[in-house]
>>> print(open('my_file_37.cif').read())   # mmCIF, C-alpha atoms
data_structure
loop_
_atom_site.label_atom_id
_atom_site.label_comp_id
_atom_site.auth_asym_id
_atom_site.auth_seq_id
_atom_site.Cartn_x
_atom_site.Cartn_y
_atom_site.Cartn_z
CA MET C 29 30.46 155.09 20.29
CA THR C 30 30.72 151.51 19.09
CA VAL C 31 29.24 148.22 20.41
CA ILE C 32 32.65 147.11 21.61
CA THR C 33 33.03 150.33 23.64
CA ILE C 34 29.67 149.61 25.36
CA LEU C 35 30.62 145.96 26.01
CA LEU C 36 33.94 147.03 27.49
CA LEU C 37 32.12 149.60 29.66
CA VAL C 38 29.69 146.89 30.95
CA PHE C 39 32.64 144.60 31.69
CA PHE C 40 34.41 147.45 33.50
CA VAL C 41 31.33 148.23 35.67
CA CYS C 42 30.73 144.56 36.67
CA ALA C 43 34.38 143.82 37.46
CA SER C 44 34.96 147.00 39.46
CA THR C 45 31.71 146.70 41.48
CA GLY C 46 32.29 143.02 42.27
CA GLY C 47 35.84 143.84 43.32
CA GLU C 48 34.74 146.72 45.54
CA ILE C 49 32.09 144.66 47.31
CA ALA C 50 34.68 141.95 48.03
CA LEU C 51 37.09 144.68 49.21
CA THR C 52 34.48 146.12 51.60
CA TYR C 53 33.92 142.65 53.10
CA GLY C 54 37.66 142.28 53.57
CA MET C 55 38.25 145.70 55.14
CA LYS C 56 35.30 145.37 57.54
CA SER C 57 36.57 141.98 58.71
CA ALA C 58 40.18 143.28 58.99
CA GLY C 59 38.93 145.97 61.40
CA GLU C 60 39.65 149.71 61.33
CA PRO C 61 43.10 151.23 62.16
CA ALA C 62 43.65 152.23 65.79
CA ARG C 63 44.37 155.85 64.80
CA LEU C 64 45.03 157.92 61.68
CA ARG C 65 48.83 157.95 62.05
CA PRO C 66 51.26 156.57 59.40
CA LYS C 67 52.37 153.68 61.64
CA ALA C 68 48.82 152.63 62.57
CA LEU C 69 47.78 152.93 58.90
CA LEU C 70 50.69 150.72 57.77
CA ILE C 71 49.80 148.13 60.42
CA PHE C 72 46.19 148.25 59.20
CA LEU C 73 47.22 147.89 55.52
CA GLY C 74 49.49 144.97 56.44
CA ARG C 75 46.59 143.26 58.18
CA ALA C 76 44.22 144.11 55.31
CA ILE C 77 46.38 142.54 52.58
CA ARG C 78 46.57 139.27 54.50
CA ASN C 79 42.78 139.01 54.18
CA GLY C 80 41.38 136.49 51.66
CA TRP C 81 38.66 138.85 50.42
CA PHE C 82 41.35 141.37 49.48
CA TRP C 83 42.90 138.77 47.16
CA MET C 84 39.50 138.12 45.61
CA ALA C 85 39.01 141.87 45.04
CA ILE C 86 42.42 142.56 43.46
CA PRO C 87 42.10 140.40 40.28
CA LEU C 88 38.63 141.85 39.58
CA MET C 89 39.93 145.39 40.09
CA ALA C 90 43.02 144.71 37.97
CA LEU C 91 40.80 143.51 35.09
CA SER C 92 38.59 146.60 35.40
CA PHE C 93 41.73 148.77 35.55
CA TYR C 94 43.04 147.37 32.27
CA ALA C 95 39.59 147.81 30.67
CA LEU C 96 39.74 151.43 31.87
CA LEU C 97 43.17 151.97 30.28
CA VAL C 98 41.86 150.72 26.93
CA LEU C 99 38.68 152.86 27.22
CA LEU C 100 40.81 155.93 28.01
CA SER C 101 42.81 155.43 24.82
CA TRP C 102 39.55 155.40 22.77
CA GLN C 103 37.45 158.13 24.38
CA PRO C 104 38.03 161.51 26.16
CA ILE C 105 38.47 161.31 29.96
CA SER C 106 35.44 163.54 30.57
CA PHE C 107 33.37 160.83 28.81
CA VAL C 108 35.01 157.68 30.20
CA ILE C 109 35.05 158.50 33.92
CA PRO C 110 31.45 159.83 34.13
CA ALA C 111 30.10 156.94 31.99
CA SER C 112 31.82 154.43 34.28
CA ALA C 113 29.73 155.90 37.13
CA LEU C 114 26.87 153.59 36.02
CA SER C 115 28.44 151.42 38.70
CA TYR C 116 26.89 153.74 41.33
CA VAL C 117 23.46 152.06 40.98
CA VAL C 118 24.91 148.56 40.65
CA GLY C 119 27.14 149.25 43.66
CA THR C 120 24.29 150.62 45.80
CA LEU C 121 22.16 147.55 45.05
CA GLY C 122 25.12 145.37 46.04
CA ALA C 123 25.63 147.37 49.25
CA LYS C 124 21.96 146.95 50.18
CA TYR C 125 21.43 143.29 49.29
CA ILE C 126 24.89 141.74 49.69
CA LEU C 127 26.54 143.92 52.34
CA LYS C 128 23.18 144.53 54.15
CA GLU C 129 23.86 148.25 54.52
CA ASP C 130 20.96 150.52 55.48
CA VAL C 131 20.40 152.48 52.25
CA ASN C 132 17.76 155.03 53.34
CA ALA C 133 15.62 157.36 51.17
CA ALA C 134 18.14 160.23 51.26
CA ARG C 135 20.93 157.94 50.13
CA TRP C 136 18.81 156.52 47.27
CA ALA C 137 17.79 160.06 46.25
CA GLY C 138 21.46 161.01 46.21
CA VAL C 139 22.37 157.99 44.08
CA CYS C 140 19.49 158.76 41.64
CA LEU C 141 20.70 162.36 41.27
CA VAL C 142 24.24 161.10 40.68
CA CYS C 143 22.82 158.77 37.99
CA ALA C 144 20.79 161.51 36.30
CA GLY C 145 23.91 163.62 36.34
CA VAL C 146 25.88 160.76 34.83
CA LEU C 147 23.33 160.35 31.99
CA LEU C 148 23.51 164.07 31.19
CA VAL C 149 27.29 163.96 31.25
CA THR C 150 27.32 160.84 29.03
CA ILE C 151 25.06 162.25 26.30
CA GLY C 152 26.75 165.68 26.85
CA MET H 8 27.84 162.72 69.73
CA ALA H 9 31.57 163.52 69.88
CA SER H 10 32.40 160.13 68.34
CA GLU H 11 29.79 160.72 65.59
CA LYS H 12 31.51 164.04 64.76
CA ARG H 13 34.92 162.37 64.82
CA LEU H 14 33.59 159.62 62.51
CA ARG H 15 32.34 162.24 60.01
CA ILE H 16 35.62 164.20 60.09
CA LYS H 17 37.89 161.20 59.57
CA THR H 18 35.57 159.89 56.82
CA LEU H 19 35.70 163.31 55.11
CA ILE H 20 39.52 163.42 55.31
CA MET H 21 39.88 159.95 53.76
CA VAL H 22 37.28 160.68 51.04
CA LEU H 23 39.15 163.88 50.10
CA ALA H 24 42.44 161.93 49.95
CA MET H 25 40.68 159.36 47.71
CA VAL H 26 39.28 162.02 45.38
CA VAL H 27 42.58 163.90 44.97
CA CYS H 28 44.64 160.73 44.40
CA ALA H 29 42.08 159.19 42.00
CA ASN H 30 41.75 162.34 39.89
CA VAL H 31 45.47 163.10 39.64
CA GLY H 32 46.06 159.39 38.90
CA ASP H 33 43.41 159.25 36.15
CA LEU H 34 44.72 162.47 34.60
CA MET H 35 48.26 161.01 34.46
CA LEU H 36 46.91 157.77 32.91
CA LYS H 37 45.07 159.77 30.25
CA ARG H 38 48.28 161.72 29.53
CA GLY H 39 50.29 158.50 29.31
CA MET H 40 47.76 156.66 27.13
CA THR H 41 47.57 159.66 24.79
CA GLN H 42 51.36 159.40 24.37
CA ILE H 43 50.90 155.68 23.52
CA GLY H 44 47.97 156.18 21.13
CA ALA H 45 44.78 154.18 20.39
CA VAL H 46 45.01 150.46 21.26
CA ALA H 47 43.70 147.92 18.72
CA ILE H 48 42.09 144.63 19.88
CA SER H 49 44.45 141.87 18.74
CA ALA H 50 46.84 139.69 20.74
CA SER H 51 50.00 141.28 19.36
CA ALA H 52 48.66 144.86 19.58
CA LEU H 53 47.57 144.32 23.22
CA LYS H 54 50.97 142.80 24.06
CA HIS H 55 52.74 145.75 22.46
CA ALA H 56 50.43 148.23 24.21
CA PHE H 57 51.06 146.49 27.55
CA TRP H 58 54.82 146.87 27.07
CA LEU H 59 54.50 150.56 26.13
CA THR H 60 52.24 151.07 29.19
CA VAL H 61 54.64 149.55 31.75
CA THR H 62 57.63 151.49 30.35
CA ASN H 63 55.87 154.88 30.31
CA PRO H 64 56.91 157.18 33.26
CA THR H 65 53.67 159.20 33.16
CA ILE H 66 51.69 155.96 33.58
CA TRP H 67 53.86 155.11 36.62
CA ILE H 68 53.19 158.49 38.26
CA GLY H 69 49.50 157.75 37.69
CA ILE H 70 49.90 154.29 39.26
CA VAL H 71 51.60 155.75 42.38
CA PHE H 72 48.62 158.10 42.86
CA LEU H 73 46.19 155.22 42.29
CA ILE H 74 48.00 153.20 45.00
CA GLY H 75 47.49 156.21 47.31
CA PHE H 76 43.81 156.14 46.30
CA MET H 77 43.63 152.40 47.04
CA ALA H 78 45.21 152.80 50.49
CA SER H 79 42.83 155.60 51.51
CA TYR H 80 39.86 153.71 50.00
CA MET H 81 40.73 150.53 51.95
CA THR H 82 41.16 152.54 55.14
CA VAL H 83 37.82 154.36 54.89
CA LEU H 84 35.99 151.12 53.98
CA SER H 85 37.23 149.59 57.25
CA TRP H 86 34.73 151.77 59.14
CA ALA H 87 32.34 153.44 56.65
CA ASP H 88 29.54 152.03 54.42
CA TYR H 89 30.40 151.20 50.81
CA SER H 90 27.10 152.86 49.79
CA TYR H 91 28.31 156.04 51.57
CA VAL H 92 31.92 156.18 50.38
CA MET H 93 31.19 155.31 46.74
CA PRO H 94 28.76 158.21 46.01
CA ALA H 95 30.77 160.57 48.26
CA GLY H 96 33.79 159.84 46.07
CA ALA H 97 31.81 161.19 43.09
CA PHE H 98 32.53 164.67 44.46
CA GLY H 99 35.68 164.43 42.36
CA TYR H 100 33.59 164.84 39.17
CA ALA H 101 33.56 168.59 39.62
CA ILE H 102 37.34 168.60 40.07
CA LEU H 103 37.83 166.14 37.19
CA THR H 104 35.76 168.25 34.79
CA LEU H 105 37.78 171.33 35.75
CA LEU H 106 41.07 169.44 35.31
CA ALA H 107 39.95 168.13 31.89
CA VAL H 108 39.09 171.68 30.79
CA VAL H 109 42.19 173.38 32.20
CA PHE H 110 44.92 170.80 31.47
CA LEU H 111 43.58 168.61 28.63
CA HIS H 112 41.73 171.48 26.90
CA GLU H 113 38.63 169.31 26.41
CA THR H 114 35.44 171.26 25.68
CA VAL H 115 32.55 170.70 28.12
CA SER H 116 28.97 171.45 26.98
CA PRO H 117 26.35 173.22 29.22
CA ARG H 118 24.43 169.90 29.45
CA ARG H 119 27.52 168.20 30.84
CA TRP H 120 27.95 171.01 33.36
CA ILE H 121 24.31 170.48 34.52
CA GLY H 122 25.13 166.79 34.92
CA VAL H 123 28.14 167.67 37.06
CA VAL H 124 25.92 169.92 39.24
CA LEU H 125 23.32 167.09 39.69
CA ILE H 126 26.12 164.71 40.70
CA CYS H 127 27.38 167.21 43.27
CA VAL H 128 23.86 167.72 44.76
CA GLY H 129 23.43 163.91 44.92
CA VAL H 130 26.76 163.58 46.69
CA LEU H 131 25.74 166.23 49.24
CA LEU H 132 22.47 164.31 49.89
CA VAL H 133 24.37 161.07 50.50
CA GLY H 134 26.96 162.96 52.55
CA GLN H 135 24.45 164.00 55.20
CA THR H 136 23.36 160.39 55.89
CA LYS H 137 25.02 158.31 58.62
CA PRO H 138 28.47 157.15 57.34
CA ASN H 139 28.25 153.74 59.02
CA THR H 140 25.11 151.55 59.30
CA THR H 141 26.77 148.17 59.87
CA THR H 142 29.07 146.97 62.64
CA ALA H 143 32.14 144.78 62.24
CA ALA H 144 30.29 142.04 64.19
CA GLU H 145 27.30 142.14 61.80
CA MET H 146 29.66 142.09 58.84
CA GLN H 147 31.39 138.97 60.23
CA LYS H 148 27.97 137.32 60.41
CA VAL H 149 27.23 138.25 56.77
CA THR H 150 30.65 137.03 55.65
CA ALA H 151 30.40 133.75 57.59
#
>>> encode(input="my_file_37.cif", output="structure tokens")
Amino acid sequence: MTVITILLLVFFVCASTGGEIALTYGMKSAGEPARLRPKALLIFLGRAIRNGWFWMAIPLMALSFYALLVLLSWQPISFVIPASALSYVVGTLGAKYILKEDVNAARWAGVCLVCAGVLLVTIG
Amino acid sequence: MASEKRLRIKTLIMVLAMVVCANVGDLMLKRGMTQIGAVAISASALKHAFWLTVTNPTIWIGIVFLIGFMASYMTVLSWADYSYVMPAGAFGYAILTLLAVVFLHETVSPRRWIGVVLICVGVLLVGQTKPNTTTAAEMQKVTA
């Protein structure tokens, strides 16, 4: 694993987490679909993509997506996808402090286990 | 209580849709990128790689599945916590590891398997917490 792989991984984590936090803002303000039927879902998605936060999320996610494509061409998938899960801690911190979600002890414990699992998978 | 149960069921359905679409999509991308080969970091090599990527059918199948993932992800985020959906989505690691072993013939060490088990236990812990701890009204306040 080279320095440039690590740098690309860090870039991937920051871009995807930032994008997902912006996306969550957007979806919460768009409001949930009336029911889980194709028509209601399409109406919801139509409303969602007219939201400004969605258009802030997409460029960040597109950048992280391209970083992922490059990473996948360098490393095996069972390394790349688990290693990218470093974003679980970054994302949980963002959910707690930016989105003001109630991250209780059980949820933190779960995230820590996921992280420990990710470390084991990464050094595999 | 009935609405709490309904909330859990619809969240579970959307998370499962996310996991299936994301894993099949990633697997197709890996297949496609393997066909293309390792990408070097230079302007011309990246341009060439981009062209090969957008003309590769396997990559496009992957993209269709990732759009399905995006739609289900957006839908579930409209009612559930990000800090709930994100770890719950990690349930796909077990499936992904199996797919990598069965279809890509990658070898997975015992240590990696233990990691996968820890991830699954963590996901179950997160899964039993309340899926939604914010309201749309609160979120509007935060956003404003």
>>> resolve_selection(input="my_file_37.cif", expression="the PyMOL selection byres ((chain H and resi 63) around 12)", output="PyMOL selection string")
chain H and resi 35-43+56-62+64-70
>>> write_last_selection(input="my_file_37.cif", atoms="C-alpha atoms", output="CSV table (one decimal), in the coordinates of the input")
chain,number,residue,atom,x,y,z
H,35,MET,CA,48.3,161.0,34.5
H,36,LEU,CA,46.9,157.8,32.9
H,37,LYS,CA,45.1,159.8,30.2
H,38,ARG,CA,48.3,161.7,29.5
H,39,GLY,CA,50.3,158.5,29.3
H,40,MET,CA,47.8,156.7,27.1
H,41,THR,CA,47.6,159.7,24.8
H,42,GLN,CA,51.4,159.4,24.4
H,43,ILE,CA,50.9,155.7,23.5
H,56,ALA,CA,50.4,148.2,24.2
H,57,PHE,CA,51.1,146.5,27.6
H,58,TRP,CA,54.8,146.9,27.1
H,59,LEU,CA,54.5,150.6,26.1
H,60,THR,CA,52.2,151.1,29.2
H,61,VAL,CA,54.6,149.6,31.8
H,62,THR,CA,57.6,151.5,30.4
H,64,PRO,CA,56.9,157.2,33.3
H,65,THR,CA,53.7,159.2,33.2
H,66,ILE,CA,51.7,156.0,33.6
H,67,TRP,CA,53.9,155.1,36.6
H,68,ILE,CA,53.2,158.5,38.3
H,69,GLY,CA,49.5,157.8,37.7
H,70,ILE,CA,49.9,154.3,39.3
>>> residues_around(input="my_file_37.cif", residues="stretch 86-91 of chain C", least_positions_apart="5", cutoff="12 Å", atoms="all atoms listed in the file", output="count of residues only")
28
>>> atom_distance(input="my_file_37.cif", atom1="atom CA of C:Phe107", atom2="atom CA of H:Ile74")
23.1 Å
>>> interface_residues(input="my_file_37.cif", of="chain H", to="chain C", cutoff="6 Å", atoms="all atoms listed in the file", output="list in words")
Met40, Ala45, Leu84, Ser85, Trp86, Ser90, Arg118, Arg119, Gly122, Val123, Leu125, Ile126, Gly129, Val130, Leu132, Val133, Thr140 and Ala143 of chain H
>>> atom_distance(input="my_file_37.cif", atom1="atom CA of H:Leu19", atom2="atom CA of H:Asp88")
12.9 Å
>>> atom_distance(input="my_file_37.cif", atom1="atom CA of H:Leu106", atom2="atom CA of H:Ile16")
25.9 Å
>>> closest_residue(input="my_file_37.cif", among="H:Ile20, H:Ala47, H:Val31, H:Met93", to="C:Val118", atoms="all atoms listed in the file")
H:Met93
